[in-house]
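Participant: Supplied in structure tokens, the structure appears directly below.
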Amino acid sequence: MARIAVIGAGMGAMAAAARLAVAGHRVVVYERGETYGGALGSVEREGFVFDTAPGLLTLPAVYRDLFVKTGRQPLEECVELAQVEPAVRHVFADGTGVHLANASRAAVGEALDHALGRGSGERWAAFMNRARDAWDRTRRPLLEEPLWPNWQVLADREPYPAPTRRRLLRRDRSAATLSEIAELELGGDARLRALLEHHALTAGLDPRTAPASAAVLPYLEQTFGVWAVRGGLRALASAVHERCVARRVEFRFGAAVTGIVEKDGRAAGVELADGTVDQAAFVVAGVAPGVLDRLLRGVPARTPDEVPGRTGLPSRLTLLLALRGPRPKDAVHRTVVHTGDRGAELDRLFAAAPGVPAEPTVTVLRPAGPGPAPDAEHEAVTATATVPAGAAVTEADVERVLTRAERAVEGLRERLLWHEVRTPAHVAEATGAEGGAVPPPALAAGGGRLLHPSNATRLPGLFTVGGWSHPGGGLPHAGMSGALVAGLIVEGPGFRGSQ
């Protein structure tokens with residue numbers, strides 16, 4: 001039995017801790033804050049309860065596997081999951097709206113034909129078939145296996161089988177980016193393009209530069225569905241924490257790690273803010289890259305031939321809205337209100353001098369059931385927009401998001417009791433990421449720009465977990481990173497992933 005130090009109590013770190021404890025190791029989690037969950041925080045005020053991170057779960061199988069492998073009590077006995085129906089409502093700039101069913105390709109096609117015109121569903125279905133091929137080709141290396149040593153193969157090979165365009169006797173190259181897919185395969189309908197491109201935007205990616213392999217993002221949602229957790233995603237974080245405690249993982253909150261101890265060429269423990277040193281056979285770091293560099297006293301965690309990791313990623317602006325009046329029975333859990341000028345929005349987010357978009361795309365969540373609001377005569381709503389990391393959010397920015405959210409919630413301003421604003425600074429405080437940047441999931445192609453560094457590091461005995469290492473950001477990916485790190489420690493460098 002080895003002593004293992006885990007830095008941070010985010011979801012990936014806790015997933016690794018639970019698995020390592022079941023394997024017989026003594027695991028101690030050091031968290032600088034006073035609670036667990038990382039980005040999965042919550043705000044409680046006057047009987048209202050809000051998630052501070054996007055409040056829906058995809059690929060719940062990742063956490064079902066975690067609970068099966070770490071105890072007899074399955075996930076569904078620890079948290080209550082419910083498929084959201086419809087999965088989403090889209091409100092486009094021209095006023096058109098469409099409700100898309102949860103995990104039903106046929107129903108989605110019918111809805112698109114009805115709302116956007118005949119043939120829309122067929123074009124979208126053809127795109128989804130190609131996205132399925134991309135998913136089949138990348139699922140294991142990007143989600144279930146440690147990052148390949150020859151990761152350049154993933155960087156250079158585009159898994160999305162985009163058709164080539166023929167013009168008279170000339171054959172044009174196939175689509176290389178998500179925006180090119182939208183232009184080539186979805187026709188001239190700006191609404192279909194918006195439907196595709198918002199998935200990249202939500203993940204913090206510019207669809208104009210994101211590789212075609214980003215097609216897997218809408219495929220995952222529409223194939224495997226989206227799920228609500230009763231009590232919010234914070235309830236899932238609590239369940240994982242409780243599973244760790246049940247497996248005798250020790251948590252030390254308010255314990256800031258200031259350094260990783262190195263001895264005889266390998267990680268040998270952690271140094272705390274009070275100067276004490278706790279020895280460990282392995283160290284698992286669930287922290288952002290800049291934090292990891294500081295813990296290693298400026299010595300890079302990666303060798304020069306490693307994936308460099310992403311920079312220049314955006315953050316989130318979230319409004320927590322307390323409303324008087326009951327939630328309407330026909331209210332949709334999630335509504336995406338699209339911008340009227342995607343190009344201007346992307347320029348503000350990803351240009352050399354970024355800023356909060358004047359007309360942002362906003363995702364509005366209206367969770368049902370008891371818990372979010374103090375009683376049936378009130379409603380708790382969140383509105384989230386992608387904004388640049390480090391953005392100094394102004395009152396004008398908040399007003400613009402509120403205005404956009406009004407298209408999803410009728411009479412919002414008249415019902416508004418109060419609101420709280422969660423800025424990139426709040427994300428930075430919760431996660432340690434510079435500017436509150438949010439990591440996207442790993443994607444193939446694009447020269448490796450959207451791959452994440454491997455879970456192993458140049459220092460033997462030191463592993464990284466969570467959204468800033470393989471397989472990248474997002475709740476399912478964080479859970480898988482925990483599984484990969486546990487496998488690498490328990491089985492050694494020969495570990496090849498889940499079967």
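Ligands are numbered from 1 in the order shown, chains are lettered A, B, ... in the order of the structure tokens, and residues start at 1 in each chain.
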Using only C-alpha atoms, which protein or nucleic acid residues come within 10 Å of region 341-345 of chain A? Drop anything in the same chain fewer than 2 positions from it, and give the result as a ChimeraX atom specification.

Facilitator: /A:93,190,193-194,197-198,201,208,338-339,347-351,354-361,386-387

Participant: Taking 4 positions as the minimum chain separation for residues in the same chain, which residues sit within 6 Å of region 477-482 of chain A when counting only C-alpha atoms? Answer as a VMD selection string.

Facilitator: chain A and resid 12 15 to 16 465 to 467 471 to 473

Participant: Going by DSSP on the backbone, which residues of region 29-248 of chain A come out as helix (DSSP H, G or I)? List them as a PyMOL selection string.

Facilitator: chain A and resi 61-70+75-77+105-116+120-144+152-156+178-185+190-202+212-224+233-246

Participant: Please provide the set of residues having any atom within 7 Å of Leu313 (chain A), restricted to only C-alpha atoms, with same-chain residues fewer than 6 positions apart removed, written as a VMD selection string.

Facilitator: chain A and resid 204 389 437 to 439

Participant: Would you mind exporting N, CA and C atoms of the selected residues as a JSON list (two decimals), in the first residue's frame?

Facilitator:
[["chain", "number", "residue", "atom", "x", "y", "z"],
["A", 204, "GLY", "N", -15.81, 26.71, -25.74],
["A", 204, "GLY", "CA", -14.73, 27.68, -25.72],
["A", 204, "GLY", "C", -13.85, 27.65, -26.95],
["A", 389, "ALA", "N", -11.30, 35.14, -21.18],
["A", 389, "ALA", "CA", -10.69, 34.94, -19.87],
["A", 389, "ALA", "C", -10.13, 36.27, -19.38],
["A", 437, "ALA", "N", -9.88, 30.80, -17.33],
["A", 437, "ALA", "CA", -10.01, 30.06, -18.59],
["A", 437, "ALA", "C", -10.60, 28.68, -18.33],
["A", 438, "VAL", "N", -11.40, 28.21, -19.29],
["A", 438, "VAL", "CA", -12.07, 26.91, -19.17],
["A", 438, "VAL", "C", -11.54, 25.99, -20.26],
["A", 439, "PRO", "N", -10.97, 24.84, -19.92],
["A", 439, "PRO", "CA", -10.37, 23.96, -20.93],
["A", 439, "PRO", "C", -11.43, 23.22, -21.74]]

Participant: Can you list, as a PyMOL selection string, every protein, DNA or RNA residue that comes within 12 Å of Glu34 (chain A) when you count only C-alpha atoms, leaving out same-chain residues fewer than 3 positions away?

Facilitator: chain A and resi 8-9+30-31+37-38+41+251-256+430

Participant: Mind writing the picked residues with N, CA and C atoms as a tab-separated table (two decimals), in the first residue's frame?

Facilitator:
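Output file part18.tsv is given in full below:
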chain	number	residue	atom	x	y	z
A	8	GLY	N	-5.70	19.19	-4.86
A	8	GLY	CA	-6.96	19.68	-5.39
A	8	GLY	C	-8.07	18.67	-5.22
A	9	ALA	N	-9.30	19.19	-5.02
A	9	ALA	CA	-10.46	18.32	-4.82
A	9	ALA	C	-11.49	18.54	-5.91
A	30	TYR	N	-5.35	17.24	-0.69
A	30	TYR	CA	-5.04	18.56	-0.16
A	30	TYR	C	-5.76	19.61	-1.00
A	31	GLU	N	-6.67	20.34	-0.39
A	31	GLU	CA	-7.46	21.34	-1.11
A	31	GLU	C	-7.26	22.71	-0.44
A	37	GLY	N	-15.07	19.90	-5.25
A	37	GLY	CA	-15.85	20.08	-6.46
A	37	GLY	C	-15.23	20.94	-7.52
A	38	GLY	N	-14.23	21.78	-7.16
A	38	GLY	CA	-13.62	22.64	-8.16
A	38	GLY	C	-14.64	23.59	-8.76
A	41	GLY	N	-19.34	24.38	-8.12
A	41	GLY	CA	-19.76	25.01	-6.89
A	41	GLY	C	-21.24	25.31	-6.89
A	251	PHE	N	-9.46	13.96	3.44
A	251	PHE	CA	-9.51	15.30	2.86
A	251	PHE	C	-8.97	16.31	3.87
A	252	ARG	N	-8.07	17.16	3.41
A	252	ARG	CA	-7.57	18.26	4.22
A	252	ARG	C	-7.89	19.58	3.51
A	253	PHE	N	-8.94	20.22	3.97
A	253	PHE	CA	-9.35	21.49	3.38
A	253	PHE	C	-8.58	22.64	4.04
A	254	GLY	N	-8.46	23.74	3.29
A	254	GLY	CA	-7.66	24.85	3.76
A	254	GLY	C	-6.18	24.52	3.82
A	255	ALA	N	-5.77	23.52	3.05
A	255	ALA	CA	-4.37	23.05	3.04
A	255	ALA	C	-3.75	23.38	1.69
A	256	ALA	N	-3.14	24.55	1.60
A	256	ALA	CA	-2.54	24.99	0.34
A	256	ALA	C	-1.18	24.33	0.14
A	430	ALA	N	-12.06	29.64	-8.15
A	430	ALA	CA	-12.49	28.28	-7.88
A	430	ALA	C	-11.53	27.24	-8.44

Participant: Leaving out Arg26 (chain A) and any residue of its chain fewer than 6 positions from it, which residues lie within 9 Å of it when counting only C-alpha atoms, given as a list of chain:residue names?

Facilitator: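 My list of contacting residues is A:Met1, A:Ala2, A:Arg3, A:Ile4, A:Ala5, A:Leu20, A:Arg248, A:Val249, A:Glu250.
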
Participant: So that I can see what lies close to Ala235 (chain A), please list as a ChimeraX atom specification the residues with an atom at most 10 Å from it, counting only C-alpha atoms and leaving out residues fewer than 3 positions away in the same chain.

Facilitator: /A:37,40-42,51,78-80,229-232,238-241

Participant: Considering only C-alpha atoms, can you say which of A:Ser213, A:Thr363, A:Thr394, A:Gln83 comes closest to Ala131 (chain A)?

Facilitator: A:Ser213
